[in-house]
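As stored in structure-v2.cif (mmCIF, C-alpha atoms):
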```
data_upload
#
loop_
_atom_site.group_PDB
_atom_site.id
_atom_site.type_symbol
_atom_site.label_atom_id
_atom_site.label_comp_id
_atom_site.auth_asym_id
_atom_site.auth_seq_id
_atom_site.Cartn_x
_atom_site.Cartn_y
_atom_site.Cartn_z
ATOM 1 C CA MET A 205 -62.595 72.683 132.065
ATOM 2 C CA THR A 206 -59.897 70.145 132.931
ATOM 3 C CA PRO A 207 -56.399 71.624 132.361
ATOM 4 C CA THR A 208 -54.237 69.845 129.801
ATOM 5 C CA ASP A 209 -50.859 68.269 130.561
ATOM 6 C CA GLU A 210 -49.198 71.157 128.720
ATOM 7 C CA VAL A 211 -50.913 73.691 131.006
ATOM 8 C CA LEU A 212 -49.934 71.718 134.123
ATOM 9 C CA ASP A 213 -46.331 71.474 132.918
ATOM 10 C CA GLU A 214 -46.196 75.244 132.453
ATOM 11 C CA LEU A 215 -47.815 75.835 135.859
ATOM 12 C CA GLU A 216 -45.344 73.476 137.532
ATOM 13 C CA LEU A 217 -42.433 75.320 135.908
ATOM 14 C CA GLN A 218 -43.739 78.660 137.213
ATOM 15 C CA LEU A 219 -44.415 77.365 140.732
ATOM 16 C CA ARG A 220 -40.936 75.853 141.014
ATOM 17 C CA ARG A 221 -39.518 79.350 140.511
ATOM 18 C CA ILE A 222 -41.107 80.537 143.772
ATOM 19 C CA PRO A 223 -38.430 80.709 146.515
ATOM 20 C CA GLY A 224 -38.800 77.867 148.998
ATOM 21 C CA VAL A 225 -40.754 75.537 146.684
ATOM 22 C CA ARG A 226 -39.119 72.089 146.511
ATOM 23 C CA ALA A 227 -41.713 70.014 144.675
ATOM 24 C CA VAL A 228 -45.061 70.469 142.940
ATOM 25 C CA GLY A 229 -47.737 67.883 142.222
ATOM 26 C CA PHE A 230 -51.313 67.832 140.986
ATOM 27 C CA SER A 231 -54.363 65.690 141.526
ATOM 28 C CA ARG A 232 -57.872 65.953 140.176
ATOM 29 C CA GLU A 233 -60.919 65.631 142.381
ATOM 30 C CA HIS A 234 -64.573 66.062 141.561
ATOM 31 C CA ALA A 235 -64.442 69.618 142.934
ATOM 32 C CA GLY A 236 -61.542 70.650 140.693
ATOM 33 C CA LEU A 237 -57.748 70.738 140.634
ATOM 34 C CA VAL A 238 -55.669 70.194 143.780
ATOM 35 C CA ILE A 239 -52.156 71.670 143.800
ATOM 36 C CA HIS A 240 -49.693 70.011 146.198
ATOM 37 C CA VAL A 241 -46.674 72.153 147.129
ATOM 38 C CA SER A 242 -43.727 70.969 149.243
ATOM 39 C CA SER A 243 -41.286 73.507 150.649
ATOM 40 C CA SER A 244 -37.571 73.017 151.202
ATOM 41 C CA GLU A 245 -37.291 75.251 154.238
ATOM 42 C CA VAL A 246 -39.273 76.371 157.273
ATOM 43 C CA LEU A 247 -41.815 78.889 156.073
ATOM 44 C CA THR A 248 -42.439 81.937 158.222
ATOM 45 C CA ASP A 249 -45.552 82.851 156.268
ATOM 46 C CA ARG A 250 -47.460 79.959 154.721
ATOM 47 C CA THR A 251 -50.285 82.337 153.816
ATOM 48 C CA GLU A 252 -47.938 84.320 151.601
ATOM 49 C CA LEU A 253 -46.774 81.176 149.782
ATOM 50 C CA ARG A 254 -50.394 80.089 149.287
ATOM 51 C CA HIS A 255 -51.131 83.519 147.819
ATOM 52 C CA PHE A 256 -48.213 83.256 145.369
ATOM 53 C CA VAL A 257 -49.306 79.760 144.270
ATOM 54 C CA ALA A 258 -52.904 80.870 143.757
ATOM 55 C CA GLN A 259 -51.778 83.927 141.815
ATOM 56 C CA GLN A 260 -49.736 81.827 139.378
ATOM 57 C CA ALA A 261 -52.444 79.173 139.060
ATOM 58 C CA ARG A 262 -55.207 81.655 138.270
ATOM 59 C CA GLY A 263 -53.229 82.878 135.281
ATOM 60 C CA LEU A 264 -53.425 79.431 133.668
ATOM 61 C CA VAL A 265 -56.278 77.414 135.195
ATOM 62 C CA ASP A 266 -60.017 78.105 135.271
ATOM 63 C CA GLY A 267 -62.416 76.528 137.736
ATOM 64 C CA PRO A 268 -62.173 75.429 141.382
ATOM 65 C CA LEU A 269 -58.705 75.178 142.952
ATOM 66 C CA ALA A 270 -57.433 73.743 146.226
ATOM 67 C CA ILE A 271 -53.864 74.303 147.471
ATOM 68 C CA GLU A 272 -52.108 71.993 149.919
ATOM 69 C CA ILE A 273 -48.761 73.087 151.372
ATOM 70 C CA ASP A 274 -46.590 70.418 152.935
ATOM 71 C CA HIS A 275 -43.384 70.896 154.933
ATOM 72 C CA PRO A 276 -42.440 67.469 156.370
ATOM 73 C CA ALA A 277 -39.806 68.895 158.731
ATOM 74 C CA THR A 278 -42.423 70.705 160.787
ATOM 75 C CA GLU A 279 -45.704 68.998 159.946
ATOM 76 C CA PRO A 280 -45.269 65.271 159.230
ATOM 77 C CA ARG A 281 -48.064 63.793 157.143
ATOM 78 C CA LEU A 282 -47.652 60.102 157.717
ATOM 79 C CA SER A 283 -50.845 59.243 155.894
ATOM 80 C CA ALA A 284 -49.829 61.029 152.692
ATOM 81 C CA ALA A 285 -48.559 58.918 149.817
ATOM 82 C CA PRO A 286 -44.854 59.472 149.165
ATOM 83 C CA ARG A 287 -44.048 61.618 146.175
ATOM 84 C CA PRO A 288 -42.268 59.782 143.343
ATOM 85 C CA ALA A 289 -38.540 60.459 143.147
ATOM 86 C CA ARG A 290 -37.595 62.559 140.153
ATOM 87 C CA VAL A 291 -34.976 61.569 137.615
ATOM 88 C CA ARG A 292 -31.913 63.720 138.213
ATOM 89 C CA LEU A 293 -29.549 65.031 135.563
ATOM 90 C CA VAL A 294 -26.040 64.286 136.848
ATOM 91 C CA ASP A 295 -23.897 65.564 134.014
ATOM 92 C CA VAL A 296 -23.848 66.582 130.351
ATOM 93 C CA GLU A 297 -20.357 66.237 128.924
ATOM 94 C CA VAL A 298 -18.870 66.694 125.468
ATOM 95 C CA GLU A 299 -16.055 64.172 125.131
ATOM 96 C CA GLY A 300 -12.939 65.649 123.588
ATOM 97 C CA HIS A 301 -11.747 62.467 121.882
ATOM 98 C CA THR A 302 -15.100 61.431 120.357
ATOM 99 C CA LEU A 303 -16.950 64.782 120.224
ATOM 100 C CA ASP A 304 -19.982 62.895 121.561
ATOM 101 C CA VAL A 305 -22.375 64.438 124.034
ATOM 102 C CA VAL A 306 -22.705 62.102 127.010
ATOM 103 C CA VAL A 307 -25.813 62.416 129.203
ATOM 104 C CA ARG A 308 -25.745 60.868 132.676
ATOM 105 C CA LEU A 309 -28.947 60.447 134.698
ATOM 106 C CA THR A 310 -29.717 58.857 138.048
ATOM 107 C CA HIS A 311 -32.901 57.617 139.706
ATOM 108 C CA LEU A 312 -33.186 55.841 143.069
ATOM 109 C CA GLY A 313 -29.562 54.700 143.006
ATOM 110 C CA ARG A 314 -29.611 53.551 139.379
ATOM 111 C CA HIS A 315 -27.562 55.264 136.671
ATOM 112 C CA GLY A 316 -28.196 55.595 132.953
ATOM 113 C CA VAL A 317 -25.996 56.947 130.160
ATOM 114 C CA GLY A 318 -26.969 58.090 126.661
ATOM 115 C CA ARG A 319 -24.837 59.367 123.795
ATOM 116 C CA GLY A 320 -25.398 61.640 120.824
ATOM 117 C CA GLN A 321 -23.599 64.073 118.547
ATOM 118 C CA SER A 322 -22.342 67.235 120.231
ATOM 119 C CA GLY A 323 -23.524 70.593 118.930
ATOM 120 C CA SER A 324 -26.923 69.166 117.998
ATOM 121 C CA PRO A 325 -29.755 69.849 120.460
ATOM 122 C CA ALA A 326 -31.842 67.133 118.740
ATOM 123 C CA ASP A 327 -29.108 64.546 119.312
ATOM 124 C CA ALA A 328 -28.745 65.690 122.930
ATOM 125 C CA ALA A 329 -32.502 65.227 123.405
ATOM 126 C CA ARG A 330 -32.317 61.719 121.908
ATOM 127 C CA ALA A 331 -29.320 60.948 124.132
ATOM 128 C CA THR A 332 -31.481 61.885 127.120
ATOM 129 C CA VAL A 333 -34.172 59.446 125.986
ATOM 130 C CA ARG A 334 -31.499 56.744 125.625
ATOM 131 C CA ALA A 335 -30.290 57.454 129.157
ATOM 132 C CA LEU A 336 -33.870 57.145 130.449
ATOM 133 C CA ASN A 337 -34.220 53.809 128.661
ATOM 134 C CA ALA A 338 -30.960 52.706 130.291
ATOM 135 C CA LEU A 339 -32.557 53.529 133.654
ATOM 136 C CA GLY A 340 -35.429 51.167 132.767
ATOM 137 C CA ALA A 341 -38.079 53.723 131.864
ATOM 138 C CA GLN A 342 -38.768 52.330 128.329
ATOM 139 C CA VAL A 343 -39.735 55.739 126.947
ATOM 140 C CA PRO A 344 -42.332 55.340 124.152
ATOM 141 C CA PHE A 345 -41.832 58.897 122.853
ATOM 142 C CA ASP A 346 -39.700 60.039 119.911
ATOM 143 C CA VAL A 347 -38.075 63.441 119.501
ATOM 144 C CA GLN A 348 -40.123 65.120 116.768
ATOM 145 C CA ALA A 349 -38.694 68.636 116.755
ATOM 146 C CA VAL A 350 -36.147 70.721 118.644
ATOM 147 C CA ALA A 351 -35.741 74.490 118.416
ATOM 148 C CA SER A 352 -33.087 76.734 119.894
ATOM 149 C CA PRO A 353 -34.352 80.335 119.618
ATOM 150 C CA VAL A 354 -31.757 83.067 119.357
ATOM 151 C CA GLY A 355 -31.609 85.044 122.592
ATOM 152 C CA HIS A 356 -29.674 87.878 124.144
ATOM 153 C CA THR A 357 -28.627 86.159 127.370
ATOM 154 C CA THR A 358 -25.636 84.034 128.256
ATOM 155 C CA ASN A 359 -27.883 80.951 128.558
ATOM 156 C CA GLN A 360 -29.062 78.779 125.675
ATOM 157 C CA ALA A 361 -32.821 78.165 125.426
ATOM 158 C CA VAL A 362 -34.187 74.982 123.852
ATOM 159 C CA VAL A 363 -37.753 73.830 123.130
ATOM 160 C CA VAL A 364 -38.365 70.104 122.615
ATOM 161 C CA LEU A 365 -41.424 68.377 121.103
ATOM 162 C CA LEU A 366 -41.949 64.641 121.713
ATOM 163 C CA ALA A 367 -44.694 62.394 120.370
ATOM 164 C CA SER A 368 -45.795 58.784 120.545
ATOM 165 C CA ASP A 369 -47.975 56.639 118.284
ATOM 166 C CA GLY A 370 -49.860 55.431 121.362
ATOM 167 C CA ASP A 371 -50.427 58.892 122.863
ATOM 168 C CA PRO A 372 -52.244 61.523 120.782
ATOM 169 C CA ALA A 373 -51.044 64.363 123.016
ATOM 170 C CA HIS A 374 -47.698 65.920 122.122
ATOM 171 C CA ARG A 375 -45.342 66.712 124.979
ATOM 172 C CA TYR A 376 -43.440 69.976 125.087
ATOM 173 C CA GLY A 377 -40.446 70.890 127.205
ATOM 174 C CA VAL A 378 -38.454 74.086 127.535
ATOM 175 C CA ALA A 379 -35.284 74.836 129.479
ATOM 176 C CA GLN A 380 -32.231 77.056 129.618
ATOM 177 C CA ALA A 381 -28.612 76.187 130.380
ATOM 178 C CA THR A 382 -25.112 77.416 129.628
ATOM 179 C CA THR A 383 -24.751 74.957 126.709
ATOM 180 C CA VAL A 384 -27.236 73.962 124.046
ATOM 181 C CA GLU A 385 -26.679 70.272 124.861
ATOM 182 C CA GLU A 386 -27.567 70.682 128.544
ATOM 183 C CA ALA A 387 -30.564 72.875 127.694
ATOM 184 C CA ALA A 388 -31.862 70.153 125.336
ATOM 185 C CA CYS A 389 -31.446 67.501 128.050
ATOM 186 C CA ARG A 390 -33.288 69.561 130.634
ATOM 187 C CA ALA A 391 -36.055 70.422 128.154
ATOM 188 C CA THR A 392 -36.517 66.711 127.377
ATOM 189 C CA LEU A 393 -36.828 65.866 131.073
ATOM 190 C CA HIS A 394 -39.272 68.752 131.484
ATOM 191 C CA ALA A 395 -41.396 67.345 128.653
ATOM 192 C CA LEU A 396 -41.456 63.882 130.228
ATOM 193 C CA ASN A 397 -41.478 64.567 133.985
ATOM 194 C CA ARG A 398 -45.227 64.071 134.457
ATOM 195 C CA TRP A 399 -45.161 60.843 132.425
ATOM 196 C CA LEU A 400 -42.190 59.609 134.472
ATOM 197 C CA ASP A 401 -44.064 60.453 137.693
ATOM 198 C CA ASP A 402 -47.057 58.369 136.576
ATOM 199 C CA GLY A 403 -45.330 55.028 137.071
ATOM 200 C CA ALA A 404 -42.787 54.763 134.256
ATOM 201 C CA PHE A 405 -40.406 52.936 136.605
ATOM 202 C CA ALA A 406 -43.010 50.723 138.302
ATOM 203 C CA ALA A 407 -42.003 47.638 136.334
ATOM 204 C CA THR A 408 -38.316 48.028 137.232
ATOM 205 C CA ALA A 409 -38.658 49.132 140.849
#
```
Please lay out the structure from this file as structure tokens.
Amino acid sequence: MTPTDEVLDELELQLRRIPGVRAVGFSREHAGLVIHVSSSEVLTDRTELRHFVAQQARGLVDGPLAIEIDHPATEPRLSAAPRPARVRLVDVEVEGHTLDVVVRLTHLGRHGVGRGQSGSPADAARATVRALNALGAQVPFDVQAVASPVGHTTNQAVVVLLASDGDPAHRYGVAQATTVEEAACRATLHALNRWLDDGAFAATA
């Protein structure tokens, strides 16, 4: 069974928590799912990392799996296609004189800014979408629902649901941060990161 985007998003989130993992990507081949893992440091035991990746994947994905581990500093792969650059969250600020939440993003040297009402995770999520549009992404998704469950940690957790008339699949994102506004921004990017990777900036590159 082919894993859904929601399953791959959750798997990516888990794999990024493994120490030394810098980036995670997926591709589908006739034999099954291929997981591409890039490390940020020289690995002394690639077998151990492969074991950790397989262990996390087997908890979410059925069927054949292949795992490719890439560390460009030690094993250049000149024939491999370059990974798309991720949108980076630069800053989430609540302006004292306007009480607006200001979201600043960057992507390949471009900068985008979005504004919303502070204290509202839904407005912070919409401000993130506005910042993505300012970067040239033309996001076709609307913020449908935002939840901030009550927790017992110092961080704020936010879950974001986005939907589009042209895409029947809902997109979910979850993240934690020290403020509810930042958590909503990060959750929105988490919900959209696979869509952004699939060529959202191709027209503006």
Can you translate the PyMOL selection byres ((chain A and resi 346) around 12) into the concrete residues it hits in this file, as a short mmCIF file (atom, residue, chain, number, x, y, z; two decimals) with C-alpha atoms, in the coordinates of the input?
```
data_model
loop_
_atom_site.label_atom_id
_atom_site.label_comp_id
_atom_site.auth_asym_id
_atom_site.auth_seq_id
_atom_site.Cartn_x
_atom_site.Cartn_y
_atom_site.Cartn_z
CA ALA A 326 -31.84 67.13 118.74
CA ASP A 327 -29.11 64.55 119.31
CA ALA A 329 -32.50 65.23 123.40
CA ARG A 330 -32.32 61.72 121.91
CA ALA A 331 -29.32 60.95 124.13
CA THR A 332 -31.48 61.88 127.12
CA VAL A 333 -34.17 59.45 125.99
CA ARG A 334 -31.50 56.74 125.62
CA GLN A 342 -38.77 52.33 128.33
CA VAL A 343 -39.74 55.74 126.95
CA PRO A 344 -42.33 55.34 124.15
CA PHE A 345 -41.83 58.90 122.85
CA VAL A 347 -38.08 63.44 119.50
CA GLN A 348 -40.12 65.12 116.77
CA ALA A 349 -38.69 68.64 116.76
CA VAL A 350 -36.15 70.72 118.64
CA VAL A 364 -38.36 70.10 122.62
CA LEU A 365 -41.42 68.38 121.10
CA LEU A 366 -41.95 64.64 121.71
CA ALA A 367 -44.69 62.39 120.37
CA SER A 368 -45.80 58.78 120.54
CA ASP A 369 -47.98 56.64 118.28
CA GLY A 370 -49.86 55.43 121.36
CA ASP A 371 -50.43 58.89 122.86
CA HIS A 374 -47.70 65.92 122.12
CA ARG A 375 -45.34 66.71 124.98
CA TYR A 376 -43.44 69.98 125.09
CA THR A 392 -36.52 66.71 127.38
CA ALA A 395 -41.40 67.34 128.65
CA LEU A 396 -41.46 63.88 130.23
#
```
Exercise. For the structure provided, state which residues fall under the PyMOL selection byres ((chain A and resi 270) around 6), and present them as a VMD selection string.
Key: chain A and resid 238 269 271
Would you mind exporting the chosen residues as an mmCIF file, keeping the file's coordinate frame, restricted to C-alpha atoms?
```
data_model
loop_
_atom_site.group_PDB
_atom_site.id
_atom_site.type_symbol
_atom_site.label_atom_id
_atom_site.label_comp_id
_atom_site.auth_asym_id
_atom_site.auth_seq_id
_atom_site.Cartn_x
_atom_site.Cartn_y
_atom_site.Cartn_z
ATOM 1 C CA VAL A 238 -55.669 70.194 143.780
ATOM 2 C CA LEU A 269 -58.705 75.178 142.952
ATOM 3 C CA ILE A 271 -53.864 74.303 147.471
#
```
Quiz prompt | Nearest-residue call for Asp274 in chain A, choices A:Ser242, A:Thr358, A:Gln259, A:Thr302, using all atoms listed in the file | solution =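 Among the listed residues, the smallest separation from Asp274 in chain A belongs to A:Ser242.
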Exercise. Could you check which of A:Gly263, A:Gly236, A:Pro372, A:Gly340 is closest to Leu215 in chain A, using only C-alpha atoms?
Key: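 Closest to Leu215 in chain A of all the choices is A:Gly263.
By chain and then residue number, the residues within 9 Å of Gln360 in chain A are Ser352, Pro353, Val354, Gly355, Thr357, Thr358, Val362, Ala379, Gln380, Ala381, Thr382, Thr383, Val384, Glu385, Glu386 and Ala387 of chain A, counting all atoms listed in the file and disregarding those fewer than 2 positions away in sequence.
The two atoms in question, CA of His311 in chain A and CA of Val291 in chain A, are spaced 4.9 Å apart.
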Practice problem: Measure the distance from CA of Ile239 in chain A to CA of Thr310 in chain A in Å and round it to one decimal. | Solution: 26.5 Å
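Taking CA of Leu309 in chain A as the reference point, CA of Ile222 in chain A is found at 25.2 Å.
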The PyMOL selection byres ((chain A and resi 254) around 12) resolved against shown file, as a compact mmCIF listing (two decimals) with C-alpha atoms, in the frame of the given file:
```
# COMPACT_ATOMS: atom_id res chain seq x y z
CA LEU A 219 -44.42 77.36 140.73
CA ILE A 222 -41.11 80.54 143.77
CA GLY A 224 -38.80 77.87 149.00
CA VAL A 225 -40.75 75.54 146.68
CA ILE A 239 -52.16 71.67 143.80
CA HIS A 240 -49.69 70.01 146.20
CA VAL A 241 -46.67 72.15 147.13
CA SER A 242 -43.73 70.97 149.24
CA SER A 243 -41.29 73.51 150.65
CA LEU A 247 -41.82 78.89 156.07
CA ASP A 249 -45.55 82.85 156.27
CA ARG A 250 -47.46 79.96 154.72
CA THR A 251 -50.28 82.34 153.82
CA GLU A 252 -47.94 84.32 151.60
CA LEU A 253 -46.77 81.18 149.78
CA HIS A 255 -51.13 83.52 147.82
CA PHE A 256 -48.21 83.26 145.37
CA VAL A 257 -49.31 79.76 144.27
CA ALA A 258 -52.90 80.87 143.76
CA GLN A 259 -51.78 83.93 141.82
CA GLN A 260 -49.74 81.83 139.38
CA ALA A 261 -52.44 79.17 139.06
CA LEU A 269 -58.70 75.18 142.95
CA ALA A 270 -57.43 73.74 146.23
CA ILE A 271 -53.86 74.30 147.47
CA GLU A 272 -52.11 71.99 149.92
CA ILE A 273 -48.76 73.09 151.37
CA ASP A 274 -46.59 70.42 152.94
```
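Distances here use only C-alpha atoms; by that measure, the residue among A:Leu336, A:Phe405, A:Arg308, A:Asn397 closest to Val228 in chain A is A:Asn397.
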Exercise. Find the spatial neighbours of Leu339 in chain A, counting all atoms listed in the file, within a cut-off of 7 Å - ignore same-chain residues fewer than 5 positions away - and output them as a ChimeraX atom specification.
Key: /A:314-316
Save the residues we just selected, C-alpha atoms, as an mmCIF file, in the frame of the given file?
```cif
data_model
loop_
_atom_site.group_PDB
_atom_site.id
_atom_site.type_symbol
_atom_site.label_atom_id
_atom_site.label_comp_id
_atom_site.auth_asym_id
_atom_site.auth_seq_id
_atom_site.Cartn_x
_atom_site.Cartn_y
_atom_site.Cartn_z
ATOM 1 C CA ARG A 314 -29.611 53.551 139.379
ATOM 2 C CA HIS A 315 -27.562 55.264 136.671
ATOM 3 C CA GLY A 316 -28.196 55.595 132.953
#
```
Quiz item: With distances taken over all atoms listed in the file, which of A:Arg226, A:Leu212, A:Ala388, A:Gly267 is nearest to Ser322 in chain A?
Solution: A:Ala388
Report as AutoDock Vina command-line options the centre and the edge lengths, in Å to one decimal, of the axis-aligned box holding every listed atom of range 391-396 of chain A, padded by 3 Å on each side.
```
--center_x -38.8 --center_y 67.2 --center_z 129.4 --size_x 11.4 --size_y 12.5 --size_z 10.1
```
